[in-house]
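Text of data12.csv (CSV, C-alpha atoms) as supplied:
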```csv
chain,number,residue,atom,x,y,z
A,80,MET,CA,-2.9,24.3,21.2
A,81,ASN,CA,-5.6,26.9,21.7
A,82,GLU,CA,-7.3,25.6,18.6
A,83,ILE,CA,-8.5,22.6,20.6
A,84,ALA,CA,-9.9,24.8,23.4
A,85,THR,CA,-12.0,27.0,21.0
A,86,THR,CA,-13.4,24.1,18.9
A,87,GLU,CA,-14.6,22.2,21.9
A,88,SER,CA,-17.2,24.9,22.7
A,89,SER,CA,-19.6,24.1,19.9
A,90,SER,CA,-19.8,20.4,18.9
A,91,GLU,CA,-21.3,20.8,15.4
A,92,ASP,CA,-18.7,23.4,14.3
A,93,SER,CA,-15.8,21.5,15.7
A,94,HIS,CA,-16.7,18.3,13.8
A,95,ILE,CA,-16.4,20.2,10.6
A,96,ALA,CA,-13.3,22.0,11.7
A,97,TRP,CA,-11.6,18.8,12.6
A,98,TYR,CA,-12.8,17.2,9.3
A,99,LEU,CA,-11.1,20.1,7.5
A,100,ARG,CA,-7.9,19.7,9.5
A,101,GLY,CA,-7.9,16.1,8.4
A,102,VAL,CA,-8.3,17.2,4.8
A,103,ARG,CA,-5.4,19.7,5.2
A,104,ARG,CA,-3.1,17.0,6.7
A,105,CYS,CA,-3.1,15.2,3.3
A,106,PHE,CA,-1.1,18.1,1.7
A,107,SER,CA,2.2,17.0,3.2
A,108,ILE,CA,5.3,15.1,2.2
A,109,PRO,CA,3.8,11.7,2.8
A,110,GLY,CA,0.8,12.8,0.8
A,111,LEU,CA,3.0,13.9,-2.1
A,112,VAL,CA,5.0,10.7,-2.0
A,113,LEU,CA,1.7,8.7,-2.2
A,114,VAL,CA,0.6,10.8,-5.2
A,115,SER,CA,3.9,9.9,-6.9
A,116,ALA,CA,3.3,6.3,-6.3
A,117,PHE,CA,-0.2,6.5,-7.8
A,118,ILE,CA,1.3,8.3,-10.8
A,119,GLY,CA,3.4,5.1,-11.2
A,120,PHE,CA,0.4,2.9,-10.6
A,121,ALA,CA,-1.7,4.7,-13.3
A,122,GLY,CA,1.1,4.0,-15.8
A,123,LEU,CA,1.3,0.4,-14.8
A,124,ALA,CA,-2.5,-0.2,-15.1
A,125,ARG,CA,-2.5,1.6,-18.5
A,126,GLU,CA,0.3,-0.6,-19.7
A,127,ALA,CA,-1.6,-3.7,-18.5
A,128,GLY,CA,-4.5,-2.9,-20.7
A,129,LEU,CA,-7.0,-1.7,-18.1
A,130,THR,CA,-9.4,1.1,-19.1
A,131,LEU,CA,-9.5,4.5,-17.3
A,132,PRO,CA,-12.9,3.8,-15.5
A,133,GLN,CA,-11.6,0.3,-14.4
A,134,THR,CA,-8.4,1.8,-13.0
A,135,VAL,CA,-10.2,4.6,-11.1
A,136,PHE,CA,-12.8,2.0,-9.9
A,137,MET,CA,-10.0,-0.2,-8.6
A,138,THR,CA,-8.3,2.7,-6.9
A,139,GLY,CA,-11.5,3.6,-5.1
A,140,VAL,CA,-12.7,0.1,-4.0
A,141,VAL,CA,-9.3,-1.5,-3.2
A,142,TRP,CA,-7.4,1.5,-1.9
A,143,ALA,CA,-4.2,-0.4,-1.0
A,144,LEU,CA,-1.4,0.1,-3.4
A,145,PRO,CA,0.4,-3.3,-2.9
A,146,ALA,CA,-2.9,-5.1,-3.4
A,147,GLN,CA,-3.6,-3.1,-6.5
A,148,VAL,CA,-0.1,-3.8,-7.9
A,149,VAL,CA,-0.6,-7.6,-7.2
A,150,LEU,CA,-4.0,-7.5,-8.8
A,151,ILE,CA,-2.5,-5.9,-11.9
A,152,GLY,CA,0.2,-8.5,-11.9
A,153,ALA,CA,-2.5,-11.3,-11.7
A,154,VAL,CA,-4.4,-9.7,-14.6
A,155,LEU,CA,-1.2,-9.5,-16.7
A,156,ALA,CA,-0.4,-13.1,-16.0
A,157,GLY,CA,-4.0,-14.2,-16.9
A,158,ASN,CA,-4.6,-15.7,-13.4
A,159,SER,CA,-8.0,-17.1,-12.5
A,160,LEU,CA,-10.3,-15.1,-10.2
A,161,PHE,CA,-9.5,-17.4,-7.3
A,162,ALA,CA,-5.7,-17.2,-7.8
A,163,ALA,CA,-5.9,-13.4,-8.1
A,164,ALA,CA,-8.1,-13.1,-5.0
A,165,PHE,CA,-5.8,-15.4,-3.1
A,166,ALA,CA,-2.7,-13.4,-4.0
A,167,VAL,CA,-4.4,-10.1,-3.3
A,168,ALA,CA,-5.7,-11.4,0.1
A,169,LEU,CA,-2.2,-12.6,1.0
A,170,SER,CA,-0.7,-9.2,0.1
A,171,SER,CA,-3.3,-7.4,2.3
A,172,VAL,CA,-3.0,-9.4,5.5
A,173,ARG,CA,-1.1,-6.5,6.9
A,174,LEU,CA,-4.2,-4.3,6.8
A,175,ALA,CA,-5.8,-6.4,9.6
A,176,PRO,CA,-3.1,-5.6,12.3
A,177,MET,CA,-3.0,-2.0,11.1
A,178,VAL,CA,-6.7,-1.6,11.7
A,179,VAL,CA,-6.4,-3.5,15.0
A,180,ALA,CA,-3.8,-0.8,16.1
A,181,LEU,CA,-5.8,2.2,14.8
A,182,THR,CA,-9.4,1.3,15.9
A,183,PRO,CA,-8.9,1.6,19.7
A,184,GLU,CA,-7.3,5.0,19.2
A,185,MET,CA,-10.2,6.2,17.1
A,186,ARG,CA,-13.1,4.9,19.2
A,187,SER,CA,-14.8,6.9,21.9
A,188,LYS,CA,-17.8,5.7,24.0
A,189,LYS,CA,-20.3,7.3,21.6
A,190,THR,CA,-18.8,5.9,18.4
A,191,ARG,CA,-21.2,3.6,16.5
A,192,PRO,CA,-19.6,0.4,15.1
A,193,TRP,CA,-20.7,1.0,11.5
A,194,VAL,CA,-18.6,4.2,11.5
A,195,LEU,CA,-15.5,2.3,12.4
A,196,TYR,CA,-16.2,-0.4,9.7
A,197,ALA,CA,-16.8,2.3,7.1
A,198,LEU,CA,-13.7,4.3,8.1
A,199,SER,CA,-11.6,1.1,8.0
A,200,HIS,CA,-11.8,1.2,4.2
A,201,PHE,CA,-9.5,4.3,4.2
A,202,VAL,CA,-6.7,2.4,6.1
A,203,ALA,CA,-3.6,2.0,4.0
A,204,VAL,CA,0.0,2.8,4.7
A,205,THR,CA,0.0,6.5,4.2
A,206,SER,CA,-3.3,7.4,6.0
A,207,TRP,CA,-2.4,5.1,8.8
A,208,VAL,CA,1.1,6.6,9.4
A,209,LEU,CA,-0.4,10.1,9.2
A,210,ALA,CA,-3.2,9.2,11.6
A,211,MET,CA,-1.0,7.4,14.1
A,212,ALA,CA,1.3,10.4,14.2
A,213,SER,CA,-1.5,13.1,14.4
A,214,PHE,CA,-4.0,11.5,16.8
A,215,ARG,CA,-2.1,12.7,19.9
A,216,ASN,CA,-3.1,16.3,18.9
A,217,VAL,CA,-6.8,15.5,18.1
A,218,PRO,CA,-9.4,15.3,20.9
A,219,ARG,CA,-10.8,11.7,21.1
A,220,GLU,CA,-14.4,12.6,20.1
A,221,MET,CA,-13.0,14.4,17.0
A,222,ARG,CA,-10.8,11.6,15.7
A,223,THR,CA,-13.4,9.9,13.5
A,224,ALA,CA,-14.2,13.3,11.9
A,225,TYR,CA,-10.5,14.0,11.5
A,226,TYR,CA,-9.8,10.6,9.9
A,227,THR,CA,-12.8,10.9,7.6
A,228,GLY,CA,-11.3,14.1,6.2
A,229,LEU,CA,-7.8,12.6,6.0
A,230,GLY,CA,-8.8,9.2,4.5
A,231,SER,CA,-11.4,10.3,2.1
A,232,THR,CA,-9.3,13.2,0.7
A,233,LEU,CA,-6.4,10.9,0.0
A,234,VAL,CA,-8.7,8.5,-1.9
A,235,PHE,CA,-10.4,11.2,-4.0
A,236,VAL,CA,-7.2,13.1,-4.7
A,237,ASN,CA,-5.5,9.9,-6.0
A,238,MET,CA,-8.5,8.9,-8.0
A,239,GLY,CA,-8.1,12.3,-9.7
A,240,VAL,CA,-4.3,11.8,-10.1
A,241,VAL,CA,-4.9,8.4,-11.8
A,242,THR,CA,-7.4,10.0,-14.2
A,243,VAL,CA,-5.0,12.8,-15.2
A,244,VAL,CA,-2.0,10.5,-15.6
A,245,PHE,CA,-4.1,8.1,-17.7
A,246,LEU,CA,-5.1,10.8,-20.1
A,247,LEU,CA,-1.6,12.3,-20.3
A,248,ALA,CA,0.5,9.0,-20.5
A,249,GLU,CA,-0.1,8.6,-24.2
A,250,ARG,CA,1.8,11.8,-25.1
A,251,LEU,CA,4.8,11.3,-22.8
A,252,PRO,CA,8.2,10.5,-24.3
A,253,PRO,CA,9.4,6.9,-23.5
A,254,PRO,CA,12.1,7.8,-20.9
A,255,ILE,CA,9.5,9.7,-18.9
A,256,THR,CA,7.1,6.7,-19.1
A,257,ALA,CA,9.9,4.5,-17.9
A,258,ALA,CA,10.5,6.9,-15.0
A,259,LEU,CA,6.8,6.7,-14.2
A,260,PHE,CA,6.8,2.9,-14.0
A,261,PHE,CA,9.9,3.1,-11.8
A,262,LEU,CA,8.0,5.1,-9.1
A,263,THR,CA,6.0,2.2,-7.8
A,264,PRO,CA,8.9,-0.2,-7.0
A,265,ILE,CA,11.0,2.6,-5.5
A,266,TYR,CA,8.1,3.9,-3.4
A,267,PHE,CA,7.6,0.4,-1.9
A,268,LEU,CA,11.3,-0.4,-1.6
A,269,THR,CA,11.6,2.5,0.7
A,270,SER,CA,8.3,2.6,2.5
A,271,LEU,CA,8.2,-1.1,3.1
A,272,TRP,CA,11.6,-0.9,4.9
A,273,GLY,CA,10.4,2.0,7.0
A,274,SER,CA,7.2,0.3,8.0
A,275,ALA,CA,8.8,-2.9,9.4
A,276,ARG,CA,8.0,-3.3,13.1
A,277,GLU,CA,10.7,-5.8,13.9
A,278,ARG,CA,14.1,-6.8,12.5
A,279,ALA,CA,12.4,-9.9,11.0
A,280,GLY,CA,10.5,-7.6,8.6
A,281,HIS,CA,13.8,-6.5,7.1
A,282,VAL,CA,14.9,-10.1,6.8
A,283,ALA,CA,11.6,-11.0,5.1
A,284,MET,CA,12.0,-8.0,2.7
A,285,VAL,CA,15.5,-8.9,1.6
A,286,LEU,CA,14.7,-12.6,1.2
A,287,GLY,CA,11.5,-11.7,-0.7
A,288,LEU,CA,13.4,-9.4,-3.1
A,289,ALA,CA,15.8,-12.2,-3.8
A,290,CYS,CA,13.1,-14.9,-4.1
A,291,GLY,CA,10.8,-13.0,-6.4
A,292,PRO,CA,12.8,-13.1,-9.6
A,293,VAL,CA,14.2,-16.6,-8.9
A,294,PHE,CA,10.8,-18.1,-8.4
A,295,HIS,CA,9.5,-16.1,-11.4
A,296,ILE,CA,11.8,-18.3,-13.5
A,297,LEU,CA,11.4,-21.5,-11.5
A,298,VAL,CA,7.7,-21.6,-10.8
A,299,PRO,CA,5.9,-19.0,-13.0
A,300,GLY,CA,2.4,-18.4,-11.9
A,301,PHE,CA,3.1,-19.3,-8.3
A,302,ASP,CA,6.1,-17.0,-7.9
A,303,LEU,CA,4.6,-14.4,-5.6
A,304,LEU,CA,2.9,-17.0,-3.4
A,305,ALA,CA,6.0,-19.2,-3.2
A,306,ALA,CA,8.3,-16.3,-2.5
A,307,GLY,CA,6.0,-14.8,0.1
A,308,VAL,CA,5.5,-18.0,2.0
A,309,LEU,CA,9.1,-19.3,1.9
A,310,ALA,CA,10.8,-15.9,2.6
A,311,GLY,CA,8.3,-15.0,5.2
A,312,LEU,CA,8.6,-18.4,7.0
A,313,VAL,CA,12.4,-18.2,7.0
A,314,ALA,CA,12.3,-14.7,8.4
A,315,TYR,CA,9.9,-15.8,11.1
A,316,LEU,CA,12.1,-18.8,12.0
A,317,TRP,CA,15.1,-16.4,12.2
A,318,HIS,CA,13.0,-14.2,14.5
A,319,ARG,CA,12.1,-17.2,16.8
A,320,MET,CA,15.7,-18.4,16.9
A,321,ARG,CA,17.0,-14.9,17.8
A,322,ARG,CA,14.5,-14.6,20.5
A,323,LYS,CA,15.4,-18.0,22.0
A,324,ARG,CA,19.1,-17.0,21.9
A,325,GLU,CA,18.3,-13.8,23.7
A,326,ALA,CA,16.3,-15.7,26.3
A,327,VAL,CA,19.2,-18.1,26.8
A,328,GLY,CA,22.0,-15.7,26.6
B,172,MET,CA,-12.3,-17.3,-15.2
B,173,SER,CA,-9.6,-14.7,-15.7
B,174,PHE,CA,-9.9,-10.9,-16.2
B,175,ASP,CA,-10.4,-11.3,-20.0
B,176,THR,CA,-12.7,-14.4,-19.9
B,177,PHE,CA,-16.1,-12.7,-20.5
B,178,ASP,CA,-16.5,-10.1,-23.1
B,179,VAL,CA,-19.1,-8.0,-21.3
B,180,TRP,CA,-18.6,-4.6,-19.8
B,181,TRP,CA,-19.3,-5.5,-16.2
B,182,TRP,CA,-17.1,-8.6,-15.9
B,183,PRO,CA,-13.8,-6.6,-15.2
B,184,TYR,CA,-15.6,-4.6,-12.5
B,185,LEU,CA,-16.9,-7.8,-10.9
B,186,PHE,CA,-13.4,-9.3,-11.1
B,187,ILE,CA,-12.0,-6.2,-9.4
B,188,LEU,CA,-14.7,-6.2,-6.7
B,189,LEU,CA,-14.2,-9.9,-5.9
B,190,ALA,CA,-10.4,-10.2,-6.3
B,191,GLY,CA,-9.7,-6.6,-5.2
B,192,TRP,CA,-12.3,-5.1,-2.9
B,193,LEU,CA,-13.4,-8.3,-1.1
B,194,ALA,CA,-9.9,-9.6,-0.7
B,195,THR,CA,-8.7,-6.3,1.0
B,196,ASP,CA,-11.7,-5.0,2.9
B,197,ALA,CA,-12.3,-8.4,4.5
B,198,TRP,CA,-9.0,-7.9,6.4
B,199,ARG,CA,-10.0,-4.4,7.4
B,200,TYR,CA,-13.3,-5.5,8.7
B,201,LEU,CA,-11.6,-8.3,10.6
B,202,GLY,CA,-9.2,-5.7,12.0
B,203,VAL,CA,-12.1,-3.6,13.3
B,204,TYR,CA,-13.7,-6.8,14.8
B,205,LEU,CA,-10.5,-7.8,16.5
B,206,GLY,CA,-9.6,-4.3,17.4
B,207,GLY,CA,-8.2,-4.4,21.0
B,208,MET,CA,-8.7,-8.1,21.4
B,209,MET,CA,-5.3,-9.0,19.9
B,210,SER,CA,-1.9,-7.9,20.9
B,211,GLU,CA,0.2,-6.2,18.2
B,212,THR,CA,3.2,-8.1,19.5
B,213,SER,CA,1.6,-11.5,19.4
B,214,ASP,CA,3.8,-14.1,17.7
B,215,ILE,CA,1.4,-15.2,15.0
B,216,LEU,CA,1.2,-11.6,13.8
B,217,VAL,CA,5.0,-11.5,13.4
B,218,LEU,CA,4.7,-14.5,11.0
B,219,VAL,CA,1.7,-12.8,9.2
B,220,ARG,CA,3.7,-9.6,8.8
B,221,CYS,CA,6.8,-11.5,7.5
B,222,VAL,CA,4.8,-13.3,4.8
B,223,ALA,CA,3.0,-10.1,3.8
B,224,THR,CA,6.3,-8.2,3.6
B,225,ALA,CA,8.1,-10.8,1.6
B,226,LEU,CA,5.2,-11.0,-0.8
B,227,VAL,CA,5.2,-7.3,-1.5
B,228,ALA,CA,9.1,-7.4,-1.7
B,229,ALA,CA,8.8,-10.2,-4.4
B,230,VAL,CA,6.4,-8.0,-6.4
B,231,ILE,CA,8.9,-5.0,-6.2
B,232,ALA,CA,11.8,-7.2,-7.3
B,233,ASN,CA,9.8,-8.6,-10.3
B,234,LEU,CA,8.7,-5.0,-11.3
B,235,VAL,CA,12.4,-4.1,-11.4
B,236,VAL,CA,13.9,-7.3,-12.9
B,237,PHE,CA,11.0,-8.2,-15.3
B,238,PRO,CA,9.4,-4.9,-16.2
B,239,SER,CA,6.8,-4.3,-18.9
B,240,GLY,CA,6.5,-1.4,-21.3
B,241,ALA,CA,8.9,1.5,-21.6
B,242,LEU,CA,10.9,0.5,-18.5
B,243,ALA,CA,11.9,-2.8,-20.3
B,244,ASP,CA,14.0,-0.7,-22.7
B,245,ALA,CA,16.3,0.3,-19.9
B,246,PRO,CA,19.2,-2.2,-19.4
B,247,LEU,CA,18.8,-4.5,-16.3
B,248,VAL,CA,22.0,-3.1,-14.8
B,249,LEU,CA,20.7,0.4,-14.9
B,250,ARG,CA,17.3,-0.6,-13.3
B,251,VAL,CA,18.9,-2.5,-10.5
B,252,GLY,CA,21.6,0.1,-10.1
B,253,ALA,CA,19.1,3.0,-9.9
B,254,ALA,CA,17.0,1.0,-7.3
B,255,ILE,CA,20.1,0.4,-5.2
B,256,ALA,CA,21.2,4.0,-5.4
B,257,GLY,CA,17.7,5.2,-4.4
B,258,PHE,CA,17.5,2.8,-1.5
B,259,ALA,CA,21.0,3.9,-0.3
B,260,ALA,CA,19.9,7.6,-0.6
B,261,TYR,CA,16.8,6.8,1.5
B,262,LEU,CA,18.9,5.2,4.2
B,263,LEU,CA,21.6,8.0,4.2
B,264,CYS,CA,18.9,10.7,4.3
B,265,ARG,CA,17.4,9.3,7.6
B,266,LYS,CA,14.7,7.3,5.8
B,267,GLN,CA,13.3,10.1,3.7
B,268,ILE,CA,11.2,8.3,1.0
B,269,LEU,CA,11.3,11.4,-1.2
B,270,ALA,CA,15.1,11.4,-1.3
B,271,GLY,CA,15.1,7.8,-2.4
B,272,ILE,CA,12.7,8.4,-5.2
B,273,ILE,CA,14.5,11.5,-6.5
B,274,VAL,CA,17.9,9.8,-6.5
B,275,ALA,CA,16.6,6.6,-8.1
B,276,GLU,CA,14.8,8.5,-10.8
B,277,ALA,CA,17.8,10.8,-11.4
B,278,VAL,CA,20.1,7.7,-11.9
B,279,LEU,CA,17.5,6.0,-14.2
B,280,LEU,CA,16.9,9.1,-16.4
B,281,SER,CA,20.5,10.1,-16.7
B,282,GLY,CA,21.4,6.5,-17.6
B,283,LEU,CA,18.6,6.5,-20.3
B,284,TYR,CA,20.0,9.7,-21.8
B,285,VAL,CA,23.6,8.5,-21.7
B,286,PHE,CA,23.0,5.0,-23.1
B,287,GLY,CA,19.8,5.7,-25.1
```
Translate the structure described by the file into structure tokens.
Amino acid sequence: MNEIATTESSSEDSHIAWYLRGVRRCFSIPGLVLVSAFIGFAGLAREAGLTLPQTVFMTGVVWALPAQVVLIGAVLAGNSLFAAAFAVALSSVRLAPMVVALTPEMRSKKTRPWVLYALSHFVAVTSWVLAMASFRNVPREMRTAYYTGLGSTLVFVNMGVVTVVFLLAERLPPPITAALFFLTPIYFLTSLWGSARERAGHVAMVLGLACGPVFHILVPGFDLLAAGVLAGLVAYLWHRMRRKREAVG
Amino acid sequence: MSFDTFDVWWWPYLFILLAGWLATDAWRYLGVYLGGMMSETSDILVLVRCVATALVAAVIANLVVFPSGALADAPLVLRVGAAIAGFAAYLLCRKQILAGIIVAEAVLLSGLYVFG
């Protein structure tokens, strides 16, 4: 890539150039899919009774769609602040290992720690997948600039998407509204399967899908927590047993 | 102390900050702090990922089986059928999320027009 060679000559220019390349990377299929998921989320939040500013605020400060969907679920169920925070925290544990994986690739000797802490806010499935795939072609010193462009653009574009959908949703015919609500589960059904690192992730997903509705009837209020812990634990035990069998056999 | 407890304009925002922002960014900051210190393949992270995945899966299933609003007007069989069709399309099209979304929405919408 001769682009890299030319941008390395002047440092100031190239930071902006790489920032803009990060911005451009958003306008891709994964970016489009994320927009469709946020269209669904805006419909969900609106139906849950949140106002437009509240929904846009939530999108900006939380910036993790599963966490936002769980938070809306907790609001709908009338959960307490503690129960809601606990469920959201449990649904977002995955962010820690994602950041652990991304940070060493983004860091150069000159990178100040606060930059990494600030940029970590943009880490969610889509920006993470895009960054992990693109960093190979980005010079190490330019990766923070690149990720700033990529991450911040995804956040701002989707805050705009949420606003537009919120204002339009009132005038849509019911089948279209139903189709909007359907975007969120389908987006996660597919992206969750694709993001699994090991076979146990697929087992956890299938068990979680089955446990969710069952526990919704059996233990309303604790359904997500119970389904997550039980299905996750069973999947993990399956993982351990399989590994032991591999070690023996 | 739920989302609707206090009838002041700032309470929902404080609720979102504490239950939403704090509960997510705490993990991100922890990730930066631990960055490089922990192995991605460590066994405890497998358990952590399994619980997180199952929790999100439970949310998805509940959104399909017990939906609110306009989606609730679609029969259960249609919702589950559309989700399965979308997932099958996703697997058949070499894990293209867009293919899954298009097929699932096509099945749902044509079902709504046929039965509705």
- Query: Pick from A:Val308, A:Val293, A:Leu160, A:Leu268: nearest to Ala254 (chain B), with only C-alpha atoms counted?
  - Reply: A:Leu268
- Message: Within 6 Å of chain B, which residues belong to chain A? Use only C-alpha atoms and report them as a PyMOL selection string.
- Response: chain A and resi 140-141+154+157-160+163-164+168+170-171+174-175+178-179+182+196+199+253+257+264+269+280+283-284+287-288+291-292+303+307-308+310-311+315
- Message: Just the number, please: distance in Å from CA of Leu259 (chain A) to CA of Arg104 (chain A), one decimal.
- Response: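 Straight-line distance from CA of Leu259 (chain A) to CA of Arg104 (chain A) works out to 25.3 Å.
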- Name the closest residue to Met238 (chain A) among the candidates A:Pro299, A:Gly273, A:Gly139, A:Pro192; distances are taken between atoms, counting all atoms listed in the file.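 For Met238 (chain A), the nearest of the given residues is A:Gly139.
Every protein or nucleic acid residue with an atom no more than 12 Å from Ala212 (chain A), counting all atoms listed in the file and leaving out same-chain residues fewer than 4 positions away, appears here: A:Arg104, A:Pro109, A:Leu181, A:Glu184, A:Thr205, A:Ser206, A:Trp207, A:Val208, A:Asn216, A:Val217, A:Tyr226.
Distances here use only C-alpha atoms; by that measure, the residue among A:Arg173, A:Leu229, A:Cys290, A:Tyr266 closest to Leu309 (chain A) is A:Cys290.
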Give as an mmCIF file with C-alpha atoms, keeping the file's coordinate frame each residue that has an atom at most 6 Å from (-3.5, -7.4, -17.8) in the file, counting only C-alpha atoms.
```cif
data_model
loop_
_atom_site.group_PDB
_atom_site.id
_atom_site.type_symbol
_atom_site.label_atom_id
_atom_site.label_comp_id
_atom_site.auth_asym_id
_atom_site.auth_seq_id
_atom_site.Cartn_x
_atom_site.Cartn_y
_atom_site.Cartn_z
ATOM 1 C CA ALA A 127 -1.600 -3.700 -18.500
ATOM 2 C CA GLY A 128 -4.500 -2.900 -20.700
ATOM 3 C CA VAL A 154 -4.400 -9.700 -14.600
ATOM 4 C CA LEU A 155 -1.200 -9.500 -16.700
#
```
- Point-to-point distance from CA of Pro254 (chain A) to CA of Val204 (chain A), Å rounded to tenths: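 These atoms are spaced 28.8 Å apart.
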- Query: What is the CA of Val102 (chain A)-CA of Gly228 (chain A) distance in Å, reported with one decimal?
  - Reply: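 For CA of Val102 (chain A) relative to CA of Gly228 (chain A), the distance reads 4.5 Å.
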- Item | Among listed residues A:Leu209, A:Met177, A:Met185, A:Ala121, nearest Leu233 (chain A) (using only C-alpha atoms) |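 Answer, going by the shortest atom-to-atom distance: A:Leu209.
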- Select, counting all atoms listed in the file, all protein, DNA and RNA residues no farther than 12 Å from (-8.1, 12.7, 21.1) in file coordinates, and express the selection as a PyMOL selection string. chain A and resi 83+87+97+183-187+210-226
- Among listed residues B:Val274, B:Trp182, B:Phe286, B:Leu263, nearest Leu249 (chain B) (using only C-alpha atoms):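 Answer, going by the shortest atom-to-atom distance: B:Phe286.
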From the coordinates I just gave you, please extract region 152-170 of chain A so that only N, CA and C atoms remain, then output it as an mmCIF file, in the first residue's frame.
```
data_model
loop_
_atom_site.group_PDB
_atom_site.id
_atom_site.type_symbol
_atom_site.label_atom_id
_atom_site.label_comp_id
_atom_site.auth_asym_id
_atom_site.auth_seq_id
_atom_site.Cartn_x
_atom_site.Cartn_y
_atom_site.Cartn_z
ATOM 1 N N GLY A 152 -35.196 -3.986 28.843
ATOM 2 C CA GLY A 152 -35.961 -5.077 29.435
ATOM 3 C C GLY A 152 -36.185 -4.862 30.918
ATOM 4 N N ALA A 153 -35.142 -4.386 31.613
ATOM 5 C CA ALA A 153 -35.237 -4.138 33.049
ATOM 6 C C ALA A 153 -36.197 -2.979 33.333
ATOM 7 N N VAL A 154 -36.160 -1.947 32.471
ATOM 8 C CA VAL A 154 -37.078 -0.811 32.628
ATOM 9 C C VAL A 154 -38.518 -1.279 32.434
ATOM 10 N N LEU A 155 -38.736 -2.107 31.399
ATOM 11 C CA LEU A 155 -40.077 -2.632 31.105
ATOM 12 C C LEU A 155 -40.603 -3.462 32.273
ATOM 13 N N ALA A 156 -39.715 -4.266 32.891
ATOM 14 C CA ALA A 156 -40.129 -5.155 33.980
ATOM 15 C C ALA A 156 -40.241 -4.407 35.304
ATOM 16 N N GLY A 157 -39.851 -3.095 35.317
ATOM 17 C CA GLY A 157 -39.910 -2.323 36.551
ATOM 18 C C GLY A 157 -38.880 -2.747 37.575
ATOM 19 N N ASN A 158 -37.746 -3.294 37.107
ATOM 20 C CA ASN A 158 -36.687 -3.740 38.010
ATOM 21 C C ASN A 158 -36.089 -2.570 38.788
ATOM 22 N N SER A 159 -35.522 -2.888 39.956
ATOM 23 C CA SER A 159 -34.853 -1.865 40.752
ATOM 24 C C SER A 159 -33.533 -1.488 40.087
ATOM 25 N N LEU A 160 -32.974 -0.343 40.519
ATOM 26 C CA LEU A 160 -31.705 0.132 39.977
ATOM 27 C C LEU A 160 -30.625 -0.932 40.113
ATOM 28 N N PHE A 161 -30.568 -1.561 41.287
ATOM 29 C CA PHE A 161 -29.537 -2.562 41.530
ATOM 30 C C PHE A 161 -29.696 -3.768 40.610
ATOM 31 N N ALA A 162 -30.931 -4.278 40.505
ATOM 32 C CA ALA A 162 -31.183 -5.443 39.655
ATOM 33 C C ALA A 162 -30.871 -5.120 38.196
ATOM 34 N N ALA A 163 -31.249 -3.909 37.769
ATOM 35 C CA ALA A 163 -30.984 -3.504 36.387
ATOM 36 C C ALA A 163 -29.487 -3.419 36.134
ATOM 37 N N ALA A 164 -28.746 -2.775 37.053
ATOM 38 C CA ALA A 164 -27.297 -2.626 36.893
ATOM 39 C C ALA A 164 -26.623 -3.995 36.881
ATOM 40 N N PHE A 165 -27.112 -4.900 37.729
ATOM 41 C CA PHE A 165 -26.526 -6.229 37.809
ATOM 42 C C PHE A 165 -26.718 -6.992 36.494
ATOM 43 N N ALA A 166 -27.945 -6.936 35.952
ATOM 44 C CA ALA A 166 -28.231 -7.632 34.695
ATOM 45 C C ALA A 166 -27.414 -7.036 33.551
ATOM 46 N N VAL A 167 -27.318 -5.696 33.514
ATOM 47 C CA VAL A 167 -26.549 -5.033 32.458
ATOM 48 C C VAL A 167 -25.069 -5.401 32.581
ATOM 49 N N ALA A 168 -24.550 -5.374 33.817
ATOM 50 C CA ALA A 168 -23.142 -5.711 34.033
ATOM 51 C C ALA A 168 -22.867 -7.143 33.584
ATOM 52 N N LEU A 169 -23.806 -8.040 33.901
ATOM 53 C CA LEU A 169 -23.623 -9.440 33.526
ATOM 54 C C LEU A 169 -23.633 -9.614 32.011
ATOM 55 N N SER A 170 -24.462 -8.805 31.323
ATOM 56 C CA SER A 170 -24.549 -8.928 29.870
ATOM 57 C C SER A 170 -23.352 -8.280 29.185
#
```
